[in-house]
$ cat data29.tsv   # TSV, C-alpha atoms
chain	number	residue	atom	x	y	z
A	1468	MET	CA	234.03	146.74	115.57
A	1469	ASN	CA	232.77	143.86	117.65
A	1470	GLU	CA	234.55	140.76	116.34
A	1471	ARG	CA	231.74	138.54	117.63
A	1472	LEU	CA	229.38	140.07	115.09
A	1473	THR	CA	231.77	139.69	112.16
A	1474	PRO	CA	230.81	136.11	111.20
A	1475	PHE	CA	227.13	137.08	111.17
A	1476	LEU	CA	227.73	140.20	109.08
A	1477	TRP	CA	229.86	138.18	106.70
A	1478	LEU	CA	227.06	135.60	106.33
A	1479	LEU	CA	224.65	138.41	105.41
A	1480	PHE	CA	227.28	139.74	103.01
A	1481	SER	CA	227.75	136.41	101.25
A	1482	ALA	CA	224.03	135.63	101.19
A	1483	GLY	CA	223.43	139.09	99.70
A	1484	GLY	CA	226.13	138.51	97.10
A	1485	THR	CA	224.56	135.19	96.12
A	1486	VAL	CA	221.10	136.74	95.82
A	1487	ALA	CA	222.45	139.66	93.79
A	1488	ALA	CA	224.46	137.41	91.48
A	1489	LEU	CA	221.68	134.90	90.87
A	1490	LEU	CA	218.49	136.98	90.90
A	1491	PHE	CA	219.42	140.52	89.85
A	1492	PRO	CA	220.33	139.48	86.29
A	1493	VAL	CA	216.85	137.98	85.87
A	1494	HIS	CA	215.16	141.20	86.99
A	1495	VAL	CA	217.50	143.41	84.98
A	1496	PHE	CA	216.84	141.30	81.90
A	1497	LEU	CA	213.07	141.45	82.35
A	1498	VAL	CA	212.63	145.08	83.45
A	1499	ALA	CA	215.46	146.78	81.56
A	1500	LEU	CA	215.57	144.72	78.35
A	1501	ALA	CA	212.77	142.26	77.64
A	1502	PHE	CA	209.78	144.46	78.59
A	1503	PRO	CA	210.97	147.79	77.10
A	1504	LEU	CA	212.13	146.13	73.87
A	1505	GLY	CA	208.87	144.25	73.55
A	1506	ALA	CA	210.52	140.82	73.62
A	1507	LEU	CA	208.05	139.85	76.32
A	1508	PRO	CA	204.65	141.38	77.03
A	1509	ALA	CA	205.02	143.74	80.01
A	1510	PRO	CA	202.69	142.95	82.91
A	1511	SER	CA	200.20	145.63	83.84
A	1512	TYR	CA	200.32	147.57	87.11
A	1513	GLU	CA	197.22	145.76	88.30
A	1514	ALA	CA	198.73	142.35	87.55
A	1515	LEU	CA	201.92	143.18	89.53
A	1516	HIS	CA	199.88	144.69	92.34
A	1517	GLY	CA	197.88	141.50	92.49
A	1518	LEU	CA	201.10	139.46	92.52
A	1519	VAL	CA	202.54	141.21	95.60
A	1520	GLN	CA	199.40	140.38	97.57
A	1521	HIS	CA	200.75	136.86	97.96
A	1522	PRO	CA	202.87	136.45	101.13
A	1523	LEU	CA	205.51	134.36	99.34
A	1524	VAL	CA	206.03	137.13	96.77
A	1525	ARG	CA	206.42	139.65	99.57
A	1526	ILE	CA	209.02	137.45	101.28
A	1527	TYR	CA	210.81	137.12	97.94
A	1528	ILE	CA	210.91	140.90	97.47
A	1529	PHE	CA	212.07	141.38	101.03
A	1530	VAL	CA	214.98	138.96	100.54
A	1531	LEU	CA	215.75	140.44	97.11
A	1532	ILE	CA	216.16	143.94	98.59
A	1533	SER	CA	217.40	143.38	102.12
A	1534	LEU	CA	220.23	140.88	101.69
A	1535	PRO	CA	221.96	142.76	98.85
A	1536	LEU	CA	221.78	145.91	101.01
A	1537	PHE	CA	223.87	144.09	103.61
A	1538	HIS	CA	226.16	142.92	100.82
A	1539	TRP	CA	226.63	146.55	99.81
A	1540	ALA	CA	227.15	147.65	103.43
A	1541	HIS	CA	229.94	145.14	104.03
A	1542	ARG	CA	231.65	145.81	100.70
A	1543	PHE	CA	231.37	149.58	101.02
A	1544	ARG	CA	232.63	149.44	104.60
A	1545	TYR	CA	235.80	147.66	103.50
A	1546	THR	CA	236.15	149.91	100.47
A	1547	LEU	CA	236.27	152.89	102.79
A	1548	TYR	CA	238.37	151.09	105.38
A	1549	ASP	CA	241.01	149.53	103.12
A	1550	GLY	CA	240.59	151.62	99.97
A	1551	LEU	CA	240.62	155.07	101.56
A	1552	GLN	CA	242.40	153.81	104.70
A	1553	LEU	CA	240.10	155.68	107.06
A	1554	TYR	CA	241.26	153.52	109.98
A	1555	HIS	CA	240.39	156.09	112.65
A	1556	LEU	CA	236.76	156.14	111.48
A	1557	THR	CA	236.32	152.38	111.49
A	1558	ASN	CA	233.46	152.29	114.02
A	1559	LEU	CA	231.62	155.23	112.48
A	1560	ILE	CA	231.91	153.67	109.01
A	1561	ALA	CA	230.58	150.33	110.26
A	1562	VAL	CA	227.63	151.97	112.02
A	1563	LEU	CA	226.76	154.09	108.97
A	1564	CYS	CA	227.05	151.22	106.47
A	1565	TYR	CA	225.18	148.54	108.39
A	1566	GLY	CA	222.81	151.21	109.72
A	1567	ALA	CA	221.91	152.18	106.16
A	1568	ALA	CA	221.28	148.53	105.31
A	1569	LEU	CA	219.13	148.14	108.41
A	1570	ALA	CA	217.18	151.29	107.54
A	1571	GLY	CA	216.63	150.03	103.99
A	1572	THR	CA	215.51	146.68	105.36
A	1573	ALA	CA	213.09	148.36	107.76
A	1574	ALA	CA	211.70	150.58	104.99
A	1575	THR	CA	211.22	147.53	102.74
A	1576	ALA	CA	209.45	145.64	105.51
A	1577	TYR	CA	207.24	148.66	106.21
A	1578	VAL	CA	206.20	149.06	102.57
A	1579	LEU	CA	205.57	145.34	102.14
A	1580	LEU	CA	203.57	145.05	105.36
A	1581	THR	CA	201.42	148.10	104.71
A	1582	LEU	CA	200.60	147.42	101.05
A	1583	THR	CA	196.90	147.82	100.55
A	1584	ARG	CA	194.69	146.01	98.12
B	245	MET	CA	266.04	137.13	68.03
B	246	ALA	CA	268.16	139.62	69.98
B	247	SER	CA	271.32	138.11	71.45
B	248	THR	CA	271.19	139.98	74.76
B	249	ILE	CA	268.60	141.24	77.22
B	250	THR	CA	268.89	143.83	79.96
B	251	LEU	CA	267.89	143.26	83.58
B	252	ALA	CA	267.25	146.18	85.93
B	253	VAL	CA	267.97	144.67	89.32
B	254	THR	CA	267.35	146.19	92.75
B	255	ARG	CA	270.53	146.49	94.79
B	256	TYR	CA	270.65	147.29	98.47
B	257	ARG	CA	273.85	147.15	100.45
B	258	PRO	CA	272.92	148.45	103.89
B	259	GLU	CA	276.56	149.09	104.85
B	260	GLU	CA	276.98	151.36	101.82
B	261	GLU	CA	273.62	152.94	101.01
B	262	ALA	CA	270.57	154.11	102.90
B	263	GLU	CA	268.05	153.30	100.16
B	264	PRO	CA	267.79	150.54	97.55
B	265	THR	CA	269.13	151.47	94.11
B	266	VAL	CA	268.79	149.94	90.65
B	267	GLU	CA	271.64	148.47	88.65
B	268	THR	CA	271.34	147.27	85.07
B	269	TYR	CA	273.07	144.22	83.67
B	270	THR	CA	273.11	142.88	80.14
B	271	VAL	CA	273.08	139.11	79.83
B	272	PRO	CA	272.90	136.65	76.91
B	273	PHE	CA	269.32	136.11	75.77
B	274	ARG	CA	268.52	132.45	75.42
B	275	LYS	CA	265.01	131.22	74.98
B	276	ASP	CA	265.45	128.38	77.46
B	277	TRP	CA	266.70	130.76	80.17
B	278	VAL	CA	264.61	131.87	83.10
B	279	VAL	CA	265.18	135.03	85.14
B	280	LEU	CA	267.06	132.95	87.74
B	281	ASP	CA	269.50	131.77	85.04
B	282	ALA	CA	270.14	135.41	84.16
B	283	LEU	CA	270.76	136.27	87.82
B	284	ASN	CA	273.15	133.32	88.14
B	285	HIS	CA	274.95	134.50	85.00
B	286	ILE	CA	275.33	137.96	86.53
B	287	LYS	CA	276.65	136.49	89.78
B	288	ASP	CA	279.08	134.14	88.03
B	289	HIS	CA	280.39	136.48	85.33
B	290	GLN	CA	279.66	140.13	86.14
B	291	ASP	CA	279.09	140.88	89.82
B	292	GLY	CA	279.69	138.26	92.49
B	293	THR	CA	278.25	140.52	95.19
B	294	LEU	CA	274.66	140.24	93.91
B	295	SER	CA	272.65	138.47	96.64
B	296	TYR	CA	269.45	136.44	96.19
B	297	ARG	CA	267.91	133.21	97.42
B	298	TRP	CA	267.52	130.14	95.27
B	299	SER	CA	267.89	126.41	95.53
B	300	CYS	CA	266.05	123.83	93.47
B	301	ARG	CA	265.50	125.62	90.11
B	302	MET	CA	262.32	123.63	89.52
B	303	GLY	CA	259.49	125.27	91.45
B	304	VAL	CA	259.65	123.01	94.47
B	305	CYS	CA	261.69	124.80	97.13
B	306	GLY	CA	259.94	128.17	97.02
B	307	SER	CA	263.12	130.17	97.61
B	308	CYS	CA	263.49	132.25	94.46
B	309	GLY	CA	260.33	134.38	94.64
B	310	MET	CA	260.92	137.95	93.40
B	311	MET	CA	258.99	140.73	91.72
B	312	VAL	CA	259.49	140.40	87.96
B	313	ASN	CA	258.17	143.40	86.06
B	314	GLY	CA	256.04	144.21	89.09
B	315	SER	CA	254.46	140.77	89.58
B	316	PRO	CA	255.46	138.21	92.19
B	317	LYS	CA	257.04	135.24	90.39
B	318	LEU	CA	259.21	132.24	91.04
B	319	THR	CA	262.23	133.38	89.01
B	320	CYS	CA	262.99	129.74	88.17
B	321	ALA	CA	259.69	129.60	86.28
B	322	ALA	CA	259.76	133.10	84.69
B	323	PHE	CA	261.14	132.71	81.18
B	324	LEU	CA	263.17	135.63	79.80
B	325	SER	CA	261.42	135.17	76.45
B	326	ASP	CA	258.12	136.18	78.08
B	327	TYR	CA	259.69	139.54	78.95
B	328	ALA	CA	261.57	140.16	75.67
B	329	PRO	CA	262.82	142.57	74.48
B	330	GLY	CA	263.21	143.83	78.05
B	331	PRO	CA	264.49	145.47	80.12
B	332	VAL	CA	263.28	143.08	82.82
B	333	ARG	CA	262.76	144.68	86.20
B	334	VAL	CA	263.78	142.37	89.06
B	335	GLU	CA	262.94	143.48	92.60
B	336	PRO	CA	262.69	141.83	96.02
B	337	LEU	CA	259.21	140.58	97.02
B	338	GLN	CA	257.12	143.59	97.96
B	339	PHE	CA	255.64	144.14	101.43
B	340	PHE	CA	258.68	142.46	103.05
B	341	PRO	CA	261.60	144.32	104.63
B	342	ILE	CA	264.72	144.06	102.45
B	343	VAL	CA	267.78	142.49	104.04
B	344	ARG	CA	270.12	142.81	101.08
B	345	ASP	CA	269.67	143.16	97.30
B	346	LEU	CA	266.89	140.68	96.42
B	347	ILE	CA	266.75	139.01	99.82
B	348	VAL	CA	263.81	139.83	102.08
B	349	ASP	CA	263.29	139.29	105.80
B	350	ILE	CA	260.85	136.38	106.18
B	351	GLY	CA	260.91	136.29	109.99
B	352	GLU	CA	257.43	137.79	110.35
B	353	PHE	CA	256.03	135.29	107.83
B	354	LEU	CA	257.51	132.35	109.71
B	355	HIS	CA	256.04	133.72	112.92
B	356	LYS	CA	252.56	133.92	111.32
B	357	LEU	CA	252.95	130.43	109.88
B	358	LYS	CA	253.83	128.94	113.25
B	359	LYS	CA	250.96	130.79	114.93
B	360	VAL	CA	248.29	128.81	113.03
B	361	LYS	CA	249.73	125.42	114.07
B	362	PRO	CA	250.23	123.99	110.57
B	363	TRP	CA	250.73	120.45	111.74
B	364	ILE	CA	248.46	117.60	112.84
B	365	VAL	CA	247.15	118.38	116.31
B	366	ARG	CA	245.83	115.44	118.32
B	367	ALA	CA	244.10	115.56	121.67
B	368	GLU	CA	245.77	112.26	122.37
B	369	GLU	CA	248.30	110.48	120.18
B	370	GLN	CA	247.36	106.86	119.56
B	371	PRO	CA	250.13	104.42	120.51
B	372	LEU	CA	252.43	103.21	117.74
B	373	SER	CA	251.12	99.68	118.24
B	374	GLU	CA	247.79	100.78	116.77
B	375	GLY	CA	249.52	101.70	113.53
B	376	GLU	CA	249.19	104.75	111.34
B	377	TYR	CA	246.18	107.04	111.01
B	378	LEU	CA	244.42	105.74	107.91
B	379	GLN	CA	242.58	107.93	105.40
B	380	THR	CA	240.33	107.15	102.48
B	381	PRO	CA	241.14	108.72	99.07
B	382	ASP	CA	238.18	111.09	99.61
B	383	GLU	CA	239.59	112.22	102.94
B	384	VAL	CA	242.91	112.96	101.25
B	385	ASP	CA	241.21	114.85	98.42
B	386	ALA	CA	239.50	117.12	100.96
B	387	TYR	CA	242.78	118.89	101.76
B	388	LYS	CA	245.25	117.79	99.09
B	389	ALA	CA	245.11	120.92	96.92
B	390	PHE	CA	245.79	123.14	99.94
B	391	SER	CA	248.72	120.96	100.98
B	392	MET	CA	250.72	121.83	97.85
B	393	CYS	CA	251.93	125.14	99.33
B	394	ILE	CA	255.72	125.58	99.15
B	395	ASN	CA	255.82	128.71	101.36
B	396	CYS	CA	257.22	130.81	98.52
B	397	MET	CA	255.36	133.89	99.84
B	398	LEU	CA	254.31	135.11	96.39
B	399	CYS	CA	250.76	135.35	97.76
B	400	TYR	CA	251.94	137.73	100.50
B	401	SER	CA	253.50	139.99	97.89
B	402	ALA	CA	250.32	139.88	95.81
B	403	CYS	CA	247.87	140.54	98.67
B	404	PRO	CA	246.92	144.22	99.02
B	405	ILE	CA	245.72	143.61	102.59
B	406	VAL	CA	249.19	142.35	103.57
B	407	GLY	CA	250.52	145.61	102.10
B	408	LEU	CA	248.07	147.70	104.12
B	409	GLU	CA	248.09	145.82	107.40
B	410	SER	CA	251.32	144.15	108.36
B	411	HIS	CA	249.63	142.18	111.16
B	412	PHE	CA	247.26	140.38	108.76
B	413	THR	CA	248.03	136.65	109.02
B	414	GLY	CA	247.97	136.40	105.25
B	415	PRO	CA	246.97	133.91	102.54
B	416	ALA	CA	249.44	131.01	102.84
B	417	ALA	CA	249.17	130.73	106.64
B	418	ILE	CA	245.36	130.84	106.70
B	419	ALA	CA	245.14	128.40	103.78
B	420	LEU	CA	247.51	126.07	105.58
B	421	ALA	CA	245.42	126.29	108.74
B	422	GLN	CA	242.42	125.28	106.64
B	423	ARG	CA	244.47	122.45	105.10
B	424	TYR	CA	244.92	120.94	108.58
B	425	ASN	CA	241.32	121.69	109.60
B	426	LEU	CA	240.20	119.60	106.62
B	427	ASP	CA	242.53	116.73	107.49
B	428	SER	CA	240.57	113.85	109.03
B	429	ARG	CA	243.54	113.05	111.31
B	430	ASP	CA	243.60	116.53	112.82
B	431	GLN	CA	241.75	117.66	115.96
B	432	GLY	CA	243.11	121.19	116.21
B	433	ALA	CA	240.40	123.14	114.36
B	434	SER	CA	238.89	124.73	117.45
B	435	GLY	CA	242.30	125.95	118.62
B	436	ARG	CA	243.07	127.46	115.22
B	437	VAL	CA	239.73	129.20	114.91
B	438	GLU	CA	240.42	131.05	118.15
B	439	ILE	CA	243.69	132.30	116.68
B	440	LEU	CA	242.19	133.25	113.32
B	441	SER	CA	238.77	134.65	114.29
B	442	ASP	CA	239.78	138.27	114.33
B	443	HIS	CA	240.59	141.08	111.97
B	444	GLU	CA	244.22	139.95	111.78
B	445	GLY	CA	243.02	136.46	110.86
B	446	MET	CA	240.51	135.33	108.27
B	447	TRP	CA	238.17	138.32	108.61
B	448	GLY	CA	240.86	140.69	107.41
B	449	CYS	CA	240.65	139.05	103.97
B	450	THR	CA	238.36	140.86	101.55
B	451	PHE	CA	238.62	138.22	98.81
B	452	VAL	CA	240.64	140.23	96.30
B	453	GLY	CA	241.85	136.89	94.96
B	454	ASP	CA	245.33	137.96	93.83
B	455	CYS	CA	246.89	135.30	96.10
B	456	SER	CA	245.30	132.55	94.02
B	457	ARG	CA	246.22	134.29	90.77
B	458	VAL	CA	249.95	134.31	91.54
B	459	CYS	CA	250.21	130.95	93.32
B	460	PRO	CA	252.68	128.79	91.36
B	461	LYS	CA	251.26	125.57	92.83
B	462	ASN	CA	247.54	126.32	92.21
B	463	VAL	CA	246.80	126.13	95.91
B	464	ASP	CA	243.98	128.68	95.65
B	465	PRO	CA	244.44	130.27	99.10
B	466	ALA	CA	241.52	132.62	98.42
B	467	ALA	CA	239.14	129.67	98.18
B	468	ALA	CA	240.60	128.13	101.34
B	469	ILE	CA	240.03	131.38	103.26
B	470	GLN	CA	236.44	131.79	102.02
B	471	GLN	CA	235.65	128.17	102.93
B	472	TYR	CA	237.17	128.78	106.33
B	473	LYS	CA	235.03	131.91	106.78
B	474	LEU	CA	231.87	130.01	105.84
B	475	THR	CA	232.57	127.14	108.25
B	476	THR	CA	233.41	129.58	111.04
B	477	ALA	CA	230.36	131.75	110.37
B	478	VAL	CA	227.99	128.77	110.31
B	479	ASP	CA	229.54	127.39	113.52
B	480	THR	CA	229.19	130.80	115.19
B	481	LEU	CA	225.56	131.02	114.15
B	482	LYS	CA	224.92	127.52	115.48
B	483	SER	CA	226.53	128.45	118.80
B	484	TRP	CA	224.09	131.37	119.09
B	485	LEU	CA	220.99	129.49	118.05
B	486	LEU	CA	221.36	125.92	119.22
B	487	PRO	CA	221.53	124.61	122.78
B	488	ARG	CA	225.01	123.48	123.72
B	489	GLY	CA	224.38	119.73	123.45
B	490	SER	CA	223.15	119.64	119.84
B	491	ARG	CA	226.02	121.56	118.19

$ encode --input "data29.tsv" --output "C-alpha cells"
Amino acid sequence: MNERLTPFLWLLFSAGGTVAALLFPVHVFLVALAFPLGALPAPSYEALHGLVQHPLVRIYIFVLISLPLFHWAHRFRYTLYDGLQLYHLTNLIAVLCYGAALAGTAATAYVLLTLTR
Amino acid sequence: MASTITLAVTRYRPEEEAEPTVETYTVPFRKDWVVLDALNHIKDHQDGTLSYRWSCRMGVCGSCGMMVNGSPKLTCAAFLSDYAPGPVRVEPLQFFPIVRDLIVDIGEFLHKLKKVKPWIVRAEEQPLSEGEYLQTPDEVDAYKAFSMCINCMLCYSACPIVGLESHFTGPAAIALAQRYNLDSRDQGASGRVEILSDHEGMWGCTFVGDCSRVCPKNVDPAAAIQQYKLTTAVDTLKSWLLPRGSR
C-alpha cells in the first residue's frame, strides 16, 4: 500500500468516524424509534422529496453516506489485515475496501445528482 | 482471611530446559503485600535462583513489569489481595523474548526508543550565555502528561499490534516522540515524522487503546499517537494543496 496515501485515507477514516458517531444516532433515533413509535409525526414522502431538492440537503446526505463508507473501508481493511492476518493479500484488500467505498460514493453522487422533481 | 496464597511463576533456565515451565510457590498472604513482595519472599526464603527485575518498589523505575493473571502490571503496584484467593499467575511480559525466568530481552525496545530521538533536538544550540530555554506553564502543559512515561513497557505487552508485528515502533516510543514534538524547545518534529510515517510507525496503530488502559502513569499513549496522526495527516494534506511558501 502506498504510504503516501495513508495520511489521506486516515483523515477520511477519522472524518467518517466523527460523522457516524455524531449524526447516525440522530437518524437512527428519528427513523427507527421516534417515527415508527409515533413519538414524532413522520414526514410524508412528498415532504422528504421536497427537502432533498435543496443543494445543502444533498451535500449533507452525500457527506452522511460517503465519509462513513471510507470509515468502514479503513476499519474493515485493518480487521482483515490484523484480525485475519491476511498479510499476503494486503494490496488486494486495500483495493477492494477503498474501491467499495469509492463505488458507494459514486453511486450516492449519481443518485443525488440525477434526482428529479 | 487465608494465611497463605499460591503463586504460579514462569521459570525458564535456558541451560537446563528448552521451554519455559511453571513452578508454584506458597507464600504468606498479607494484605499490604504486592506481587513483588511475594517474589522477594520466594527469592529470600524458598528459591534463590528465581530471576526477575526490580528496583524502586514504588512505581517510578519501571523495572518490575510482568504479566499478572494475564495482564501487564507493575508488580510493585499489584496487591496480592486483589488476586485472592489465588493462585496468582506471574509470567514475563508477553511479546518479548524471555532471557531467564521473568526477565525479558528489552534490546529491541531500546532500539525503537532511540530511533524516535526522544530528546530535545535543536537546529542550533543557543550559547550558555543566553541562559536556559524558557517555557510558559501552558507550554509545559502541552507535553507534560506524555512526559510521565517510565519505560516500563507494559504498553508493549498490552498492544496486540506489537504482538502481531514485531517491527511496529509501539506505543511508548511513538508517544515519547510526540512528547518532544509538543515541546516548545524542540525543533526535531520533521525528522521524527520521517521516521514514523510508515506502517512500522504511527500508521501501524489501529487505536485499540489497551496501551492507555494498562499505563501505570496515565500517559495515554493512544491519545498521543492519534494526535500525532492528525497533525501528520493535516500537514501532508497541506503539502499537497498549498504552495510551498504558505505552509

$ residues_around --input "data29.tsv" --residues "Thr1583 in chain A" --least-positions-apart "4" --cutoff "12 Å" --atoms "all atoms listed in the file" --output "CSV table (one decimal) with C-alpha atoms, in the frame of the given file"
chain,number,residue,atom,x,y,z
A,1516,HIS,CA,199.9,144.7,92.3
A,1517,GLY,CA,197.9,141.5,92.5
A,1519,VAL,CA,202.5,141.2,95.6
A,1520,GLN,CA,199.4,140.4,97.6
A,1521,HIS,CA,200.8,136.9,98.0
A,1577,TYR,CA,207.2,148.7,106.2
A,1578,VAL,CA,206.2,149.1,102.6
A,1579,LEU,CA,205.6,145.3,102.1

$ residues_around --input "data29.tsv" --residues "range 1478-1495 of chain A" --least-positions-apart "2" --cutoff "9 Å" --atoms "all atoms listed in the file" --output "number ranges by chain"
A: 1473-1476, 1497-1501, 1530-1542; B: 473-474, 477-478

$ atom_distance --input "data29.tsv" --atom1 "CA of Ala1561 in chain A" --atom2 "CA of Ile405 in chain B"
18.3 Å

$ atom_distance --input "data29.tsv" --atom1 "CA of Asp276 in chain B" --atom2 "CA of Ser456 in chain B"
26.4 Å

$ atom_distance --input "data29.tsv" --atom1 "CA of Glu383 in chain B" --atom2 "CA of Cys459 in chain B"
23.6 Å

$ closest_atom_pairs --input "data29.tsv" --of "chain B" --to "chain A" --cutoff "12 Å" --atoms "only C-alpha atoms" --output "CSV"
residue,atom,partner,partner_atom,distance
B:Pro404,CA,A:Asp1549,CA,8.9
B:Ile405,CA,A:Asp1549,CA,7.6
B:Val406,CA,A:Asp1549,CA,10.9
B:Gly407,CA,A:Asp1549,CA,10.3
B:Leu408,CA,A:Asp1549,CA,7.4
B:Glu409,CA,A:Asp1549,CA,9.1
B:Val437,CA,A:Pro1474,CA,11.9
B:Glu438,CA,A:Arg1471,CA,11.5
B:Leu440,CA,A:Glu1470,CA,11.1
B:Ser441,CA,A:Glu1470,CA,7.7
B:Asp442,CA,A:Glu1470,CA,6.1
B:His443,CA,A:Glu1470,CA,7.5
B:Glu444,CA,A:Glu1470,CA,10.7
B:Gly445,CA,A:Glu1470,CA,11.0
B:Met446,CA,A:Pro1474,CA,10.2
B:Trp447,CA,A:Thr1473,CA,7.4
B:Gly448,CA,A:Tyr1545,CA,9.5
B:Cys449,CA,A:Tyr1545,CA,9.9
B:Thr450,CA,A:Tyr1545,CA,7.5
B:Phe451,CA,A:Arg1542,CA,10.5
B:Val452,CA,A:Tyr1545,CA,11.4
B:Gln470,CA,A:Ser1481,CA,9.9
B:Gln471,CA,A:Ser1481,CA,11.5
B:Tyr472,CA,A:Pro1474,CA,10.9
B:Lys473,CA,A:Pro1474,CA,7.4
B:Leu474,CA,A:Leu1478,CA,7.4
B:Thr475,CA,A:Pro1474,CA,9.6
B:Thr476,CA,A:Pro1474,CA,7.0
B:Ala477,CA,A:Pro1474,CA,4.5
B:Val478,CA,A:Pro1474,CA,7.9
B:Asp479,CA,A:Pro1474,CA,9.1
B:Thr480,CA,A:Pro1474,CA,6.8
B:Leu481,CA,A:Phe1475,CA,6.9
B:Lys482,CA,A:Phe1475,CA,10.7
B:Ser483,CA,A:Arg1471,CA,11.4
B:Trp484,CA,A:Phe1475,CA,10.2
B:Leu485,CA,A:Phe1475,CA,11.9

$ write_last_selection --input "data29.tsv" --atoms "C-alpha atoms" --output "PDB file, keeping the file's coordinate frame"
ATOM      1  CA  PRO B 404     246.920 144.220  99.020  1.00  0.00           C
ATOM      2  CA  ILE B 405     245.720 143.610 102.590  1.00  0.00           C
ATOM      3  CA  VAL B 406     249.190 142.350 103.570  1.00  0.00           C
ATOM      4  CA  GLY B 407     250.520 145.610 102.100  1.00  0.00           C
ATOM      5  CA  LEU B 408     248.070 147.700 104.120  1.00  0.00           C
ATOM      6  CA  GLU B 409     248.090 145.820 107.400  1.00  0.00           C
ATOM      7  CA  VAL B 437     239.730 129.200 114.910  1.00  0.00           C
ATOM      8  CA  GLU B 438     240.420 131.050 118.150  1.00  0.00           C
ATOM      9  CA  LEU B 440     242.190 133.250 113.320  1.00  0.00           C
ATOM     10  CA  SER B 441     238.770 134.650 114.290  1.00  0.00           C
ATOM     11  CA  ASP B 442     239.780 138.270 114.330  1.00  0.00           C
ATOM     12  CA  HIS B 443     240.590 141.080 111.970  1.00  0.00           C
ATOM     13  CA  GLU B 444     244.220 139.950 111.780  1.00  0.00           C
ATOM     14  CA  GLY B 445     243.020 136.460 110.860  1.00  0.00           C
ATOM     15  CA  MET B 446     240.510 135.330 108.270  1.00  0.00           C
ATOM     16  CA  TRP B 447     238.170 138.320 108.610  1.00  0.00           C
ATOM     17  CA  GLY B 448     240.860 140.690 107.410  1.00  0.00           C
ATOM     18  CA  CYS B 449     240.650 139.050 103.970  1.00  0.00           C
ATOM     19  CA  THR B 450     238.360 140.860 101.550  1.00  0.00           C
ATOM     20  CA  PHE B 451     238.620 138.220  98.810  1.00  0.00           C
ATOM     21  CA  VAL B 452     240.640 140.230  96.300  1.00  0.00           C
ATOM     22  CA  GLN B 470     236.440 131.790 102.020  1.00  0.00           C
ATOM     23  CA  GLN B 471     235.650 128.170 102.930  1.00  0.00           C
ATOM     24  CA  TYR B 472     237.170 128.780 106.330  1.00  0.00           C
ATOM     25  CA  LYS B 473     235.030 131.910 106.780  1.00  0.00           C
ATOM     26  CA  LEU B 474     231.870 130.010 105.840  1.00  0.00           C
ATOM     27  CA  THR B 475     232.570 127.140 108.250  1.00  0.00           C
ATOM     28  CA  THR B 476     233.410 129.580 111.040  1.00  0.00           C
ATOM     29  CA  ALA B 477     230.360 131.750 110.370  1.00  0.00           C
ATOM     30  CA  VAL B 478     227.990 128.770 110.310  1.00  0.00           C
ATOM     31  CA  ASP B 479     229.540 127.390 113.520  1.00  0.00           C
ATOM     32  CA  THR B 480     229.190 130.800 115.190  1.00  0.00           C
ATOM     33  CA  LEU B 481     225.560 131.020 114.150  1.00  0.00           C
ATOM     34  CA  LYS B 482     224.920 127.520 115.480  1.00  0.00           C
ATOM     35  CA  SER B 483     226.530 128.450 118.800  1.00  0.00           C
ATOM     36  CA  TRP B 484     224.090 131.370 119.090  1.00  0.00           C
ATOM     37  CA  LEU B 485     220.990 129.490 118.050  1.00  0.00           C
TER      38      LEU B 485
END

$ residues_around --input "data29.tsv" --residues "range 309-321 of chain B" --least-positions-apart "6" --cutoff "10 Å" --atoms "all atoms listed in the file" --output "number ranges by chain"
B: 251-253, 277-283, 296-303, 327, 330-338, 346-348, 395-402, 455, 458-460

$ residues_around --input "data29.tsv" --residues "Tyr387 in chain B" --least-positions-apart "5" --cutoff "7 Å" --atoms "only C-alpha atoms" --output "list in words"
Arg423, Leu426 and Asp427 of chain B
